[in-house]
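Since the structure comes first, as structure tokens, the remarks are kept for the end.
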Amino acid sequence: MLKSWKLKEIVLMSLFAVVFGIVYLLFLHVGNIWAGFIGPIAYEWIFGIWFIVSIICMYIIRKPGAAVVSETIAAAIEVLLGNAVGPRLILSGVIQGLGAEAVFAATRYKRFDLWVLMLAGVGSSIFSFVYGYFLGGFSVYGTGYVALMLGIRILSGAMIAGMGGKAVADGLLATGSLRGYAISRSKKGEARA
């Protein structure tokens with residue numbers, strides 16, 4: 001999968017994964033505090049942050065595997081930093097990354113507009129929710145509450161991961177720091193059209 005990648009793409013993806021592994025662990029504590037006040041639905045409002053690295057990396061690099069590999073590395077970093085879930089969290093990272101990757105694969109890795117990025121956040125939301133439903137015991141909640149949890153997670157994935165990921169990458173692109181990556185080549189093509 002990474003055979004066609006340039007070294008700088010692997011380094012950039014790894015850098016983002018490490019940074020967001022730290023961010024993910026910090027947001028776990030934010031969710032824990034908020035859950036103390038409003039219950040387990042608190043995590044759903046911020047769940048999109050846990051999908052963002054897959055969308056940023058895919059939007060910048062635009063190669064198969066960027067979403068799933070970056071999300072998996074970020075989860076591994078989070079485990080190494082001490083997330084109490086332990087190694088099982090790496091599987092969560094794989095599942096979240098696969099949710100985003102599936103959307104990009106459906107476009108044959110050719111579309112990276114805002115709607116596709118938001119759908120990738122939705123894909124991560126749905127994949128992670130199904131996994132969490134069985135692992136997290138969501139079945140003890142009423143159907144309406146579970147549907148509300150899913151709806152909020154989908155919104156969070158679309159807004160925080162999709163829109164937020166695009167904003168982060170576009171902000172970096174504006175600084176010139178992403179010259180030589182697929183995102184900069186496509187933006188030049190769009191400017192000429």
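Chain lettering (A, B, ...) mirrors the order of the structure tokens, residue numbering begins at 1 for each chain separately, and ligand numbering begins at 1 in order of display.
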Worksheet item: If you count only C-alpha atoms, which residues fall within 9 Å of Ala17 (chain A), apart from same-chain ones fewer than 4 positions away, as a VMD selection string?
Response: chain A and resid 12 to 13 21 to 22 53 to 54 57 69 to 75 77
Worksheet item: What residues in region 57-164 of chain A get the DSSP label alpha helix (DSSP H)? Please answer as number ranges by chain.
Response: A: 57-61, 66-80, 88-106, 114-135, 143-156, 164
Discussion item. One decimal, in Å: what's the spacing between CA of Met159 (chain A) and CA of Trp115 (chain A)?
Written reply: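 Atom-to-atom, CA of Met159 (chain A) to CA of Trp115 (chain A), that is 10.6 Å.
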Worksheet item: With distances taken over only C-alpha atoms, which of A:Arg179, A:Arg62, A:Glu44, A:Gly162 is nearest to Arg108 (chain A)?
Response: A:Arg62
Worksheet entry | Distance query Ala147 (chain A) at most 12 Å, only C-alpha atoms, self and fewer than 5 positions along chain excluded, as a list in words |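 Listing them by chain and then by number gives Ile41, Glu44, Ile126, Phe129, Val130, Tyr133, Phe138, Ser139, Tyr141, Gly142, Ile152, Arg153 and Ile154 of chain A.
A straight line drawn from CA of Gly157 (chain A) to CA of Ser124 (chain A) is 7.0 Å long.
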Worksheet entry | CA of Ala84 (chain A) to CA of Leu135 (chain A), distance in Å rounded to a single decimal |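 Computing the Euclidean distance for CA of Ala84 (chain A) and CA of Leu135 (chain A) yields 15.2 Å.
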Discussion item. Using only C-alpha atoms, which protein or nucleic acid residues come within 6 Å of Val94 (chain A)? Drop anything in the same chain fewer than 3 positions from it, and give the result as a list in words.
Written reply: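 With the cut-off at 6 Å, the set is Val68, Thr72, Leu91 and Gly97 of chain A.
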Worksheet item: Hey, what's within 6 Å of region 165-167 of chain A if we count only C-alpha atoms and toss same-chain stuff fewer than 2 positions away? As a VMD selection string, please?
Response: chain A and resid 52 55 to 56 161 to 163 169 to 171
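Closest approach to Arg88 (chain A) among A:Val103, A:Asp113, A:Gly132, A:Ser125 is made by A:Gly132 (distances from only C-alpha atoms).
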Report as a compact mmCIF listing (two decimals) with C-alpha atoms, in the first residue's frame all protein, DNA and RNA residues lying within 7 Å of Gly99 (chain A), evaluated on only C-alpha atoms, omitting residues in the same chain fewer than 6 positions from it.
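out-v2.txt, freshly written:
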# COMPACT_ATOMS: atom_id res chain seq x y z
CA ALA A 120 -15.74 10.70 5.18
CA GLY A 123 -18.31 7.18 7.36
CA SER A 124 -16.00 7.20 10.37
CA PHE A 127 -18.21 2.58 11.41
Worksheet entry | Nearest candidate to Gly31 (chain A) (options A:Tyr145, A:Gly151, A:Pro64, A:Ile46; using only C-alpha atoms) |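 For Gly31 (chain A), the nearest of the candidates is A:Ile46.
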